[in-house]
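One file, final-v9.txt, carrying compact mmCIF, C-alpha atoms:
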# COMPACT_ATOMS: atom_id res chain seq x y z
CA MET A 1 72.69 -2.31 -8.99
CA SER A 2 75.92 -2.82 -10.79
CA ASN A 3 77.43 -5.85 -12.40
CA ILE A 4 81.19 -5.94 -12.68
CA LYS A 5 83.50 -8.06 -14.77
CA ILE A 6 85.25 -10.89 -12.96
CA ASP A 7 87.44 -13.83 -13.95
CA PHE A 8 85.66 -16.99 -15.15
CA LYS A 9 87.69 -18.93 -12.58
CA SER A 10 85.86 -16.95 -9.87
CA VAL A 11 82.44 -18.17 -10.98
CA TYR A 12 80.81 -19.19 -7.72
CA TYR A 13 78.59 -22.22 -8.04
CA PRO A 14 78.13 -25.46 -6.17
CA SER A 15 79.10 -28.38 -8.37
CA PRO A 16 78.80 -32.08 -7.84
CA ILE A 17 82.02 -33.99 -7.39
CA VAL A 18 82.35 -37.43 -8.96
CA LEU A 19 84.88 -40.20 -9.28
CA VAL A 20 85.34 -41.41 -12.83
CA GLY A 21 86.36 -45.06 -13.07
CA ALA A 22 88.03 -46.73 -16.04
CA MET A 23 90.17 -49.74 -16.72
CA VAL A 24 93.63 -48.58 -17.80
CA ASP A 25 96.50 -50.96 -18.52
CA ASP A 26 94.43 -53.82 -17.08
CA ARG A 27 93.73 -52.25 -13.71
CA PRO A 28 90.95 -50.07 -12.30
CA ASN A 29 91.81 -46.39 -12.10
CA TYR A 30 89.82 -43.50 -10.67
CA MET A 31 90.00 -39.75 -11.12
CA THR A 32 88.12 -36.90 -9.44
CA ALA A 33 86.03 -34.59 -11.59
CA ALA A 34 83.80 -31.61 -10.82
CA TRP A 35 82.62 -30.80 -14.32
CA PHE A 36 79.80 -33.30 -14.45
CA THR A 37 76.10 -33.11 -15.25
CA LYS A 38 73.20 -35.22 -16.30
CA VAL A 39 72.23 -34.31 -19.87
CA HIS A 40 69.28 -36.56 -20.77
CA ASN A 41 66.69 -38.73 -19.05
CA THR A 42 65.43 -41.29 -21.58
CA PRO A 43 67.84 -42.80 -22.41
CA PRO A 44 69.81 -41.79 -19.33
CA MET A 45 72.87 -39.80 -20.34
CA ILE A 46 75.56 -37.81 -18.56
CA ALA A 47 78.49 -35.61 -19.56
CA VAL A 48 81.82 -35.09 -17.85
CA SER A 49 84.68 -32.87 -18.97
CA LEU A 50 88.14 -34.26 -18.35
CA GLY A 51 91.61 -32.99 -19.16
CA SER A 52 92.59 -34.82 -22.36
CA GLY A 53 95.94 -35.94 -20.99
CA HIS A 54 94.54 -37.80 -18.00
CA PHE A 55 95.40 -41.46 -17.50
CA THR A 56 91.69 -42.25 -17.01
CA VAL A 57 90.84 -40.71 -20.38
CA LYS A 58 93.24 -43.16 -22.04
CA GLY A 59 91.14 -46.01 -20.64
CA ILE A 60 87.85 -44.40 -21.61
CA ARG A 61 89.02 -43.93 -25.18
CA ALA A 62 90.37 -47.49 -25.38
CA ASN A 63 87.39 -49.32 -23.85
CA LYS A 64 84.51 -46.95 -24.71
CA THR A 65 83.18 -47.63 -21.23
CA PHE A 66 83.64 -45.94 -17.85
CA SER A 67 81.86 -45.34 -14.59
CA ILE A 68 80.62 -42.28 -12.74
CA ASN A 69 80.56 -42.63 -8.96
CA ILE A 70 79.03 -40.10 -6.59
CA PRO A 71 80.81 -40.15 -3.25
CA GLU A 72 79.39 -39.64 0.21
CA ALA A 73 81.26 -38.07 3.12
CA LEU A 74 82.77 -41.36 4.34
CA ILE A 75 85.04 -41.43 1.28
CA ILE A 76 85.69 -37.69 0.99
CA GLU A 77 89.43 -38.05 1.68
CA LYS A 78 89.83 -40.78 -0.91
CA THR A 79 87.81 -38.66 -3.36
CA ASP A 80 90.19 -35.77 -2.85
CA TYR A 81 93.21 -38.07 -3.07
CA CYS A 82 92.12 -39.34 -6.50
CA GLY A 83 92.43 -35.78 -7.76
CA LEU A 84 95.91 -35.35 -6.31
CA VAL A 85 97.78 -38.31 -7.77
CA SER A 86 97.77 -39.63 -11.31
CA GLY A 87 97.35 -43.27 -12.21
CA LYS A 88 100.41 -42.80 -14.40
CA ARG A 89 102.54 -42.79 -11.25
CA VAL A 90 100.40 -44.41 -8.55
CA ASP A 91 98.36 -47.60 -8.58
CA LYS A 92 94.92 -46.62 -7.22
CA SER A 93 93.32 -49.99 -7.99
CA ASP A 94 93.20 -51.08 -4.32
CA LEU A 95 91.75 -47.81 -3.01
CA PHE A 96 88.15 -48.99 -3.35
CA THR A 97 86.28 -52.28 -3.73
CA PRO A 98 85.41 -52.42 -7.42
CA PHE A 99 82.30 -54.05 -8.80
CA TYR A 100 81.22 -54.57 -12.40
CA GLY A 101 78.03 -54.50 -14.43
CA GLN A 102 77.68 -55.62 -18.03
CA THR A 103 81.34 -55.11 -18.92
CA ASP A 104 84.72 -55.74 -17.29
CA SER A 105 85.99 -52.30 -18.27
CA ALA A 106 83.87 -49.92 -16.18
CA PRO A 107 85.03 -50.46 -12.59
CA MET A 108 82.44 -49.05 -10.20
CA ILE A 109 83.12 -48.14 -6.58
CA SER A 110 81.19 -50.23 -4.03
CA GLU A 111 81.75 -47.66 -1.29
CA SER A 112 80.20 -44.91 -3.41
CA MET A 113 76.67 -43.65 -2.74
CA ILE A 114 75.74 -43.92 -6.43
CA SER A 115 77.50 -45.61 -9.35
CA MET A 116 76.64 -45.47 -13.03
CA GLU A 117 78.00 -47.83 -15.66
CA CYS A 118 78.40 -45.85 -18.87
CA THR A 119 79.23 -46.40 -22.50
CA VAL A 120 80.77 -43.61 -24.54
CA SER A 121 78.16 -41.99 -26.76
CA GLU A 122 80.35 -39.19 -28.09
CA ILE A 123 83.51 -37.33 -27.17
CA VAL A 124 83.56 -33.61 -27.97
CA SER A 125 87.18 -32.52 -28.27
CA LEU A 126 87.73 -29.13 -26.66
CA PRO A 127 91.14 -27.41 -26.83
CA GLN A 128 92.51 -29.00 -23.65
CA ASP A 129 89.67 -31.19 -22.42
CA ASP A 130 87.52 -34.04 -23.63
CA LEU A 131 83.81 -33.61 -23.00
CA VAL A 132 82.77 -37.24 -22.65
CA ILE A 133 79.06 -37.84 -23.24
CA GLY A 134 77.98 -41.20 -21.89
CA THR A 135 74.89 -43.35 -21.98
CA VAL A 136 74.12 -44.89 -18.61
CA VAL A 137 73.68 -48.65 -18.94
CA GLU A 138 72.71 -49.18 -15.32
CA THR A 139 72.55 -47.12 -12.13
CA TYR A 140 73.44 -48.55 -8.72
CA ALA A 141 73.13 -47.32 -5.16
CA ASN A 142 75.02 -48.54 -2.13
CA GLU A 143 72.23 -50.16 -0.17
CA LYS A 144 73.43 -48.85 3.15
CA TYR A 145 72.29 -45.39 2.05
CA VAL A 146 68.97 -46.52 0.57
CA SER A 147 65.42 -46.53 1.90
CA GLY A 148 62.84 -47.90 -0.49
CA GLU A 149 64.23 -47.29 -3.96
CA CYS A 150 66.06 -44.00 -3.36
CA ILE A 151 68.97 -42.58 -1.43
CA ASP A 152 67.81 -41.66 2.05
CA PRO A 153 69.24 -38.23 2.96
CA HIS A 154 69.06 -39.22 6.63
CA LYS A 155 71.45 -42.10 5.99
CA ALA A 156 73.91 -40.35 3.67
CA VAL A 157 75.99 -37.19 3.86
CA PRO A 158 76.18 -35.96 0.25
CA PHE A 159 78.44 -33.04 -0.49
CA CYS A 160 79.25 -30.58 -3.22
CA TYR A 161 82.32 -28.68 -4.29
CA VAL A 162 82.88 -24.94 -4.65
CA SER A 163 86.04 -24.34 -6.64
CA GLN A 164 86.24 -20.66 -5.81
CA GLU A 165 86.45 -21.54 -2.12
CA LYS A 166 88.51 -24.70 -2.75
CA LYS A 167 86.27 -26.57 -0.32
CA TYR A 168 83.74 -29.37 -0.10
CA PHE A 169 80.45 -28.50 1.59
CA GLY A 170 77.65 -30.59 3.03
CA LEU A 171 74.11 -29.60 2.16
CA GLY A 172 72.56 -26.96 4.39
CA ARG A 173 68.97 -26.21 5.15
CA ALA A 174 66.24 -26.64 2.57
CA LEU A 175 65.40 -23.23 1.12
CA GLY A 176 62.27 -24.30 -0.71
CA ALA A 177 60.47 -26.93 -2.73
CA ALA A 178 61.34 -27.02 -6.42
CA ARG A 179 58.57 -26.50 -8.95
CA SER A 180 56.55 -25.12 -6.05
CA ILE A 181 57.90 -21.99 -4.36
CA GLY A 182 57.64 -20.04 -7.61
CA LYS A 183 53.92 -20.78 -7.99
CA LYS A 184 52.98 -17.68 -6.02
CA LEU A 185 54.30 -15.59 -8.92
CA ILE A 186 51.99 -17.18 -11.46
CA GLN A 187 49.38 -14.65 -12.55
CA LYS A 188 45.88 -16.02 -12.23
CA MET B 1 78.50 -54.20 1.06
CA SER B 2 75.96 -54.48 -1.66
CA ASN B 3 75.11 -52.24 -4.55
CA ILE B 4 71.59 -52.43 -5.88
CA LYS B 5 70.07 -51.25 -9.13
CA ILE B 6 68.03 -48.06 -8.95
CA ASP B 7 66.36 -45.74 -11.43
CA PHE B 8 68.56 -43.09 -13.08
CA LYS B 9 65.99 -40.50 -11.98
CA SER B 10 66.88 -41.35 -8.37
CA VAL B 11 70.54 -40.42 -8.81
CA TYR B 12 71.21 -38.28 -5.78
CA TYR B 13 73.59 -35.44 -6.45
CA PRO B 14 73.67 -31.73 -5.73
CA SER B 15 73.50 -29.79 -8.96
CA PRO B 16 73.83 -26.10 -9.65
CA ILE B 17 70.70 -24.31 -10.77
CA VAL B 18 71.00 -21.63 -13.43
CA LEU B 19 68.80 -19.24 -15.36
CA VAL B 20 69.42 -19.33 -19.10
CA GLY B 21 68.69 -16.02 -20.83
CA ALA B 22 68.01 -15.53 -24.51
CA MET B 23 66.30 -13.03 -26.76
CA VAL B 24 63.22 -14.66 -28.30
CA ASP B 25 60.80 -12.82 -30.56
CA ASP B 26 62.52 -9.53 -29.64
CA ARG B 27 62.16 -9.85 -25.89
CA PRO B 28 64.32 -11.28 -23.10
CA ASN B 29 63.26 -14.72 -21.93
CA TYR B 30 64.62 -16.86 -19.11
CA MET B 31 64.41 -20.55 -18.30
CA THR B 32 65.58 -22.56 -15.32
CA ALA B 33 68.08 -25.36 -15.88
CA ALA B 34 69.84 -27.79 -13.56
CA TRP B 35 71.91 -29.66 -16.11
CA PHE B 36 74.78 -27.22 -16.27
CA THR B 37 78.54 -27.48 -15.88
CA LYS B 38 81.73 -25.71 -16.72
CA VAL B 39 83.62 -27.72 -19.34
CA HIS B 40 86.81 -25.75 -20.09
CA ASN B 41 88.91 -23.00 -18.53
CA THR B 42 90.97 -21.37 -21.32
CA PRO B 43 88.96 -20.36 -23.26
CA PRO B 44 86.17 -20.37 -20.70
CA MET B 45 83.41 -22.74 -21.80
CA ILE B 46 80.24 -24.15 -20.28
CA ALA B 47 77.60 -26.69 -21.26
CA VAL B 48 73.91 -26.78 -20.49
CA SER B 49 71.37 -29.38 -21.56
CA LEU B 50 67.93 -28.04 -22.44
CA GLY B 51 64.78 -29.68 -23.73
CA SER B 52 64.83 -29.09 -27.49
CA GLY B 53 61.29 -27.74 -27.58
CA HIS B 54 61.88 -24.91 -25.12
CA PHE B 55 61.11 -21.35 -26.15
CA THR B 56 64.55 -20.26 -24.93
CA VAL B 57 66.24 -22.79 -27.21
CA LYS B 58 64.53 -21.18 -30.19
CA GLY B 59 66.29 -17.91 -29.29
CA ILE B 60 69.63 -19.58 -28.69
CA ARG B 61 69.49 -21.29 -32.07
CA ALA B 62 68.43 -18.08 -33.83
CA ASN B 63 70.96 -15.70 -32.23
CA LYS B 64 73.85 -18.06 -31.40
CA THR B 65 74.17 -16.18 -28.11
CA PHE B 66 72.68 -16.65 -24.66
CA SER B 67 73.45 -16.03 -21.01
CA ILE B 68 73.97 -18.23 -17.97
CA ASN B 69 72.97 -16.63 -14.68
CA ILE B 70 73.65 -18.14 -11.27
CA PRO B 71 71.01 -17.07 -8.78
CA GLU B 72 71.37 -16.31 -5.09
CA ALA B 73 68.68 -16.92 -2.47
CA LEU B 74 67.05 -13.48 -2.91
CA ILE B 75 65.74 -14.55 -6.33
CA ILE B 76 65.01 -18.20 -5.52
CA GLU B 77 61.25 -17.82 -6.06
CA LYS B 78 61.73 -16.15 -9.44
CA THR B 79 64.26 -18.86 -10.34
CA ASP B 80 61.68 -21.53 -9.59
CA TYR B 81 58.97 -19.59 -11.42
CA CYS B 82 61.04 -19.49 -14.62
CA GLY B 83 60.93 -23.29 -14.65
CA LEU B 84 57.16 -23.37 -14.16
CA VAL B 85 55.93 -21.18 -17.01
CA SER B 86 56.99 -21.12 -20.65
CA GLY B 87 57.84 -17.96 -22.54
CA LYS B 88 55.49 -19.32 -25.21
CA ARG B 89 52.56 -18.37 -22.97
CA VAL B 90 53.94 -15.83 -20.49
CA ASP B 91 56.06 -12.73 -21.03
CA LYS B 92 58.92 -13.02 -18.50
CA SER B 93 60.83 -10.03 -19.87
CA ASP B 94 59.98 -7.77 -16.90
CA LEU B 95 60.83 -10.33 -14.23
CA PHE B 96 64.44 -9.16 -13.91
CA THR B 97 66.51 -6.10 -14.82
CA PRO B 98 68.38 -7.15 -17.94
CA PHE B 99 71.84 -5.93 -18.85
CA TYR B 100 73.89 -6.60 -21.96
CA GLY B 101 77.52 -7.19 -22.87
CA GLN B 102 78.93 -7.33 -26.38
CA THR B 103 75.63 -8.27 -28.04
CA ASP B 104 71.98 -7.32 -27.74
CA SER B 105 70.87 -10.93 -27.83
CA ALA B 106 72.19 -12.36 -24.56
CA PRO B 107 70.09 -10.71 -21.83
CA MET B 108 71.83 -11.11 -18.48
CA ILE B 109 70.12 -10.78 -15.12
CA SER B 110 71.36 -7.87 -12.99
CA GLU B 111 69.92 -9.41 -9.80
CA SER B 112 71.87 -12.63 -10.35
CA MET B 113 74.99 -13.42 -8.33
CA ILE B 114 76.96 -14.34 -11.48
CA SER B 115 76.16 -13.82 -15.16
CA MET B 116 78.01 -15.13 -18.18
CA GLU B 117 77.57 -13.86 -21.72
CA CYS B 118 78.00 -16.83 -24.06
CA THR B 119 78.25 -17.57 -27.74
CA VAL B 120 77.22 -20.96 -29.06
CA SER B 121 80.25 -23.09 -29.78
CA GLU B 122 78.40 -26.29 -30.65
CA ILE B 123 75.02 -27.90 -30.08
CA VAL B 124 75.01 -31.66 -29.58
CA SER B 125 71.58 -32.98 -30.50
CA LEU B 126 70.42 -35.64 -28.07
CA PRO B 127 67.13 -37.49 -28.60
CA GLN B 128 64.99 -35.00 -26.67
CA ASP B 129 67.47 -32.38 -25.49
CA ASP B 130 70.02 -29.99 -26.94
CA LEU B 131 73.36 -29.99 -25.19
CA VAL B 132 74.45 -26.42 -25.80
CA ILE B 133 78.19 -25.86 -25.49
CA GLY B 134 79.01 -22.20 -25.09
CA THR B 135 82.11 -20.04 -25.04
CA VAL B 136 81.98 -17.43 -22.30
CA VAL B 137 82.68 -13.98 -23.74
CA GLU B 138 82.61 -12.22 -20.38
CA THR B 139 81.76 -13.06 -16.78
CA TYR B 140 80.01 -10.63 -14.44
CA ALA B 141 79.26 -10.57 -10.73
CA ASN B 142 76.65 -8.51 -8.96
CA GLU B 143 78.86 -6.18 -6.94
CA LYS B 144 76.72 -6.37 -3.85
CA TYR B 145 77.94 -9.95 -3.38
CA VAL B 146 81.59 -9.22 -4.15
CA SER B 147 84.61 -8.60 -1.96
CA GLY B 148 87.84 -7.95 -3.83
CA GLU B 149 87.46 -9.77 -7.15
CA CYS B 150 85.37 -12.74 -6.02
CA ILE B 151 81.95 -13.58 -4.64
CA ASP B 152 82.06 -13.23 -0.86
CA PRO B 153 80.25 -16.22 0.70
CA HIS B 154 79.43 -14.06 3.73
CA LYS B 155 77.47 -11.68 1.51
CA ALA B 156 75.68 -14.22 -0.68
CA VAL B 157 73.48 -17.24 -0.04
CA PRO B 158 74.24 -19.61 -2.93
CA PHE B 159 72.15 -22.71 -3.25
CA CYS B 160 72.02 -25.98 -5.11
CA TYR B 161 69.27 -28.30 -6.30
CA VAL B 162 68.66 -31.95 -5.53
CA SER B 163 66.17 -33.34 -8.01
CA GLN B 164 65.54 -36.53 -6.09
CA GLU B 165 64.34 -34.47 -3.11
CA LYS B 166 62.70 -31.80 -5.32
CA LYS B 167 64.28 -29.12 -3.13
CA TYR B 168 66.77 -26.30 -3.16
CA PHE B 169 69.41 -26.39 -0.43
CA GLY B 170 71.79 -23.81 0.95
CA LEU B 171 75.36 -24.85 1.52
CA GLY B 172 76.08 -26.50 4.84
CA ARG B 173 79.28 -26.78 6.79
CA ALA B 174 82.65 -27.10 5.08
CA LEU B 175 83.70 -30.75 5.17
CA GLY B 176 87.25 -30.19 4.04
CA ALA B 177 89.68 -28.31 1.86
CA ALA B 178 89.90 -29.52 -1.73
CA ARG B 179 93.24 -30.71 -3.06
CA SER B 180 94.28 -30.94 0.57
CA ILE B 181 92.37 -33.39 2.77
CA GLY B 182 93.44 -36.30 0.57
CA LYS B 183 97.14 -35.55 1.02
CA LYS B 184 97.33 -37.75 4.11
CA LEU B 185 96.78 -40.76 1.84
CA ILE B 186 99.79 -40.00 -0.33
CA GLN B 187 102.47 -42.62 0.27
CA LYS B 188 105.79 -41.03 1.07

Any chance you could give the structure as structure tokens?
Amino acid sequence: MSNIKIDFKSVYYPSPIVLVGAMVDDRPNYMTAAWFTKVHNTPPMIAVSLGSGHFTVKGIRANKTFSINIPEALIIEKTDYCGLVSGKRVDKSDLFTPFYGQTDSAPMISESMISMECTVSEIVSLPQDDLVIGTVVETYANEKYVSGECIDPHKAVPFCYVSQEKKYFGLGRALGAARSIGKKLIQK
Amino acid sequence: MSNIKIDFKSVYYPSPIVLVGAMVDDRPNYMTAAWFTKVHNTPPMIAVSLGSGHFTVKGIRANKTFSINIPEALIIEKTDYCGLVSGKRVDKSDLFTPFYGQTDSAPMISESMISMECTVSEIVSLPQDDLVIGTVVETYANEKYVSGECIDPHKAVPFCYVSQEKKYFGLGRALGAARSIGKKLIQK
């Protein structure tokens, strides 16, 4: 077995893809981001790394609120589009139907599978990016994808992003149950 | 269209799953983590959120180095196992073939598809978790999964994790090319 050096940009991993919403210059703006993760459960917190110069980041810094929206396949083209054009040049406010939670400055996307209203907890300044750590005030799901109190994977087509392949992928077959398939390795 | 409140724990999104390696009490230890993302390209940086009480975190804090390893389906059971048992009780040092880069304190996993040797850049203390921000010293790929200078998706079976379903999933069909399928929405 041999492990060879490769470029960091060739790191192969499936990442989520999210739309970050913010109010900028009095209108909703959305940008696409792949560097997103949950970071804490109670209180609910997330982190997203965004290029510092982005129009959306201006709104996040001004308002201290923003939204994270997880798209489903029906809005995959609009999701991609939001990463192609900047709000500095193009008004994206009519692209989606916005809805609001406790503030008027975190436009959430009705058409999204999941939306989270967030307040800024901390911004870690990296050389070219801002790692925005947010506390989730409230989480919403688009009810057309819901059964009971959760997203129903038979109603939704979630997808992930693989940057090395420059493609979005649906989920494939289940390879195993988490916190379960490893139990056979536990020594009795 | 209606958007309804749901629990943050029901947020449906595909996340990567990684094995975090660290030297603890003079032996390699590994833990499973799903709250991982790249955060910066130049220099290469990543972030991973880990429960503060974890054995692995003790090693990361002591050595200021650690590894991030991205598994492939061949080690999916061992990946799951590392999330089931703590290094406090079980010696996991023989589970994988470790290899080392510039330090002796960031054990990387030879069997992994991708491994990154990291130094701690900053640790953001959250109420119950440590958000570890790392600078990637070097990135490695297991050459059996490589063609040219990248992972070859025909040689590897990458997978992601969906916590709401408590399952690992392979990648499904490509739904579109990134930074491309949204171009049709650009107004001429």

Taking a cut-off of 6 Å and counting only C-alpha atoms, can you build a table that, for each residue of chain B near chain A, reports the nearest atom pair and how far apart they are in Å (one decimal), sorted by chain then residue number, as a Markdown table?
| residue | atom | partner | partner_atom | distance |
| --- | --- | --- | --- | --- |
| B:Ser2 | CA | A:Glu143 | CA | 5.9 |
| B:Asn3 | CA | A:Asn142 | CA | 4.4 |
| B:Ile4 | CA | A:Tyr140 | CA | 5.2 |
| B:Lys5 | CA | A:Tyr140 | CA | 4.3 |
| B:Ile6 | CA | A:Tyr140 | CA | 5.4 |
| B:Phe8 | CA | A:Thr139 | CA | 5.8 |
| B:Ser10 | CA | A:Cys150 | CA | 5.7 |
| B:Pro14 | CA | A:Pro16 | CA | 5.6 |
| B:Ser15 | CA | A:Ser15 | CA | 5.8 |
| B:Pro16 | CA | A:Pro14 | CA | 5.6 |
| B:Trp35 | CA | A:Thr37 | CA | 5.5 |
| B:Thr37 | CA | A:Trp35 | CA | 5.5 |
| B:Lys38 | CA | A:Trp35 | CA | 5.7 |
| B:Val39 | CA | A:Ser49 | CA | 5.3 |
| B:Ser49 | CA | A:Val39 | CA | 5.3 |
| B:Glu77 | CA | A:Gly182 | CA | 4.5 |
| B:Lys78 | CA | A:Gly182 | CA | 5.9 |
| B:Asp80 | CA | A:Gly182 | CA | 4.7 |
| B:Tyr81 | CA | A:Gly182 | CA | 4.1 |
| B:Thr139 | CA | A:Ile6 | CA | 5.6 |
| B:Tyr140 | CA | A:Lys5 | CA | 4.3 |
| B:Ala141 | CA | A:Asn3 | CA | 5.3 |
| B:Asn142 | CA | A:Asn3 | CA | 4.4 |
| B:Glu143 | CA | A:Asn3 | CA | 5.7 |
| B:Cys150 | CA | A:Ser10 | CA | 5.7 |
| B:Lys166 | CA | A:Ala178 | CA | 5.1 |
| B:Lys167 | CA | A:Ala177 | CA | 4.4 |
| B:Tyr168 | CA | A:Leu175 | CA | 5.4 |
| B:Phe169 | CA | A:Ala174 | CA | 4.4 |
| B:Gly170 | CA | A:Gly172 | CA | 4.7 |
| B:Leu171 | CA | A:Gly172 | CA | 4.5 |
| B:Gly172 | CA | A:Gly172 | CA | 3.6 |
| B:Arg173 | CA | A:Gly170 | CA | 5.6 |
| B:Ala174 | CA | A:Phe169 | CA | 4.4 |
| B:Leu175 | CA | A:Phe169 | CA | 5.3 |
| B:Gly176 | CA | A:Tyr168 | CA | 5.5 |
| B:Ala177 | CA | A:Lys167 | CA | 4.4 |
| B:Ala178 | CA | A:Lys167 | CA | 4.9 |
| B:Arg179 | CA | A:Asp80 | CA | 5.9 |
| B:Ile181 | CA | A:Glu77 | CA | 5.6 |
| B:Gly182 | CA | A:Tyr81 | CA | 4.1 |

Worksheet item: What residues have an atom no more than 12 Å from (53.7, -22.1, -25.2) in the file's own frame, counting all atoms listed in the file, and can you write them as a ChimeraX atom specification?
Response: /B:53-56,58,84-91

Worksheet item: So which residues touch Ser105 of chain A within 8 Å, counting all atoms listed in the file, skipping near sequence neighbours fewer than 3 positions away, as an MDAnalysis selection string?
Response: chainID A and resid 22:23 63 65:66 100

Now that the selection is made, can you save its residues with C-alpha atoms as a CSV table (one decimal), keeping the file's coordinate frame?
chain,number,residue,atom,x,y,z
A,22,ALA,CA,88.0,-46.7,-16.0
A,23,MET,CA,90.2,-49.7,-16.7
A,63,ASN,CA,87.4,-49.3,-23.8
A,65,THR,CA,83.2,-47.6,-21.2
A,66,PHE,CA,83.6,-45.9,-17.8
A,100,TYR,CA,81.2,-54.6,-12.4

Worksheet item: So how far away is atom CA of Ser147 of chain A from atom CA of Asn29 of chain A, in Å?
Response: 29.9 Å

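Across the model, the gap from atom CA of Gln102 of chain A to atom CA of Arg61 of chain A is 17.8 Å.
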
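Atom CA of Ala106 of chain B to atom CA of Ile123 of chain B spans 16.7 Å [interatomic distance, one decimal].
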
Protein/DNA/RNA residues near (82.3, -45.1, -21.9), cut 6 Å, all atoms listed in the file, as an mmCIF file with C-alpha atoms, keeping the file's coordinate frame:
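The resulting file, selection.cif, is shown below:
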data_model
loop_
_atom_site.group_PDB
_atom_site.id
_atom_site.type_symbol
_atom_site.label_atom_id
_atom_site.label_comp_id
_atom_site.auth_asym_id
_atom_site.auth_seq_id
_atom_site.Cartn_x
_atom_site.Cartn_y
_atom_site.Cartn_z
ATOM 1 C CA ILE A 60 87.850 -44.400 -21.610
ATOM 2 C CA LYS A 64 84.510 -46.950 -24.710
ATOM 3 C CA THR A 65 83.180 -47.630 -21.230
ATOM 4 C CA PHE A 66 83.640 -45.940 -17.850
ATOM 5 C CA CYS A 118 78.400 -45.850 -18.870
ATOM 6 C CA THR A 119 79.230 -46.400 -22.500
ATOM 7 C CA VAL A 120 80.770 -43.610 -24.540
ATOM 8 C CA GLY A 134 77.980 -41.200 -21.890
#
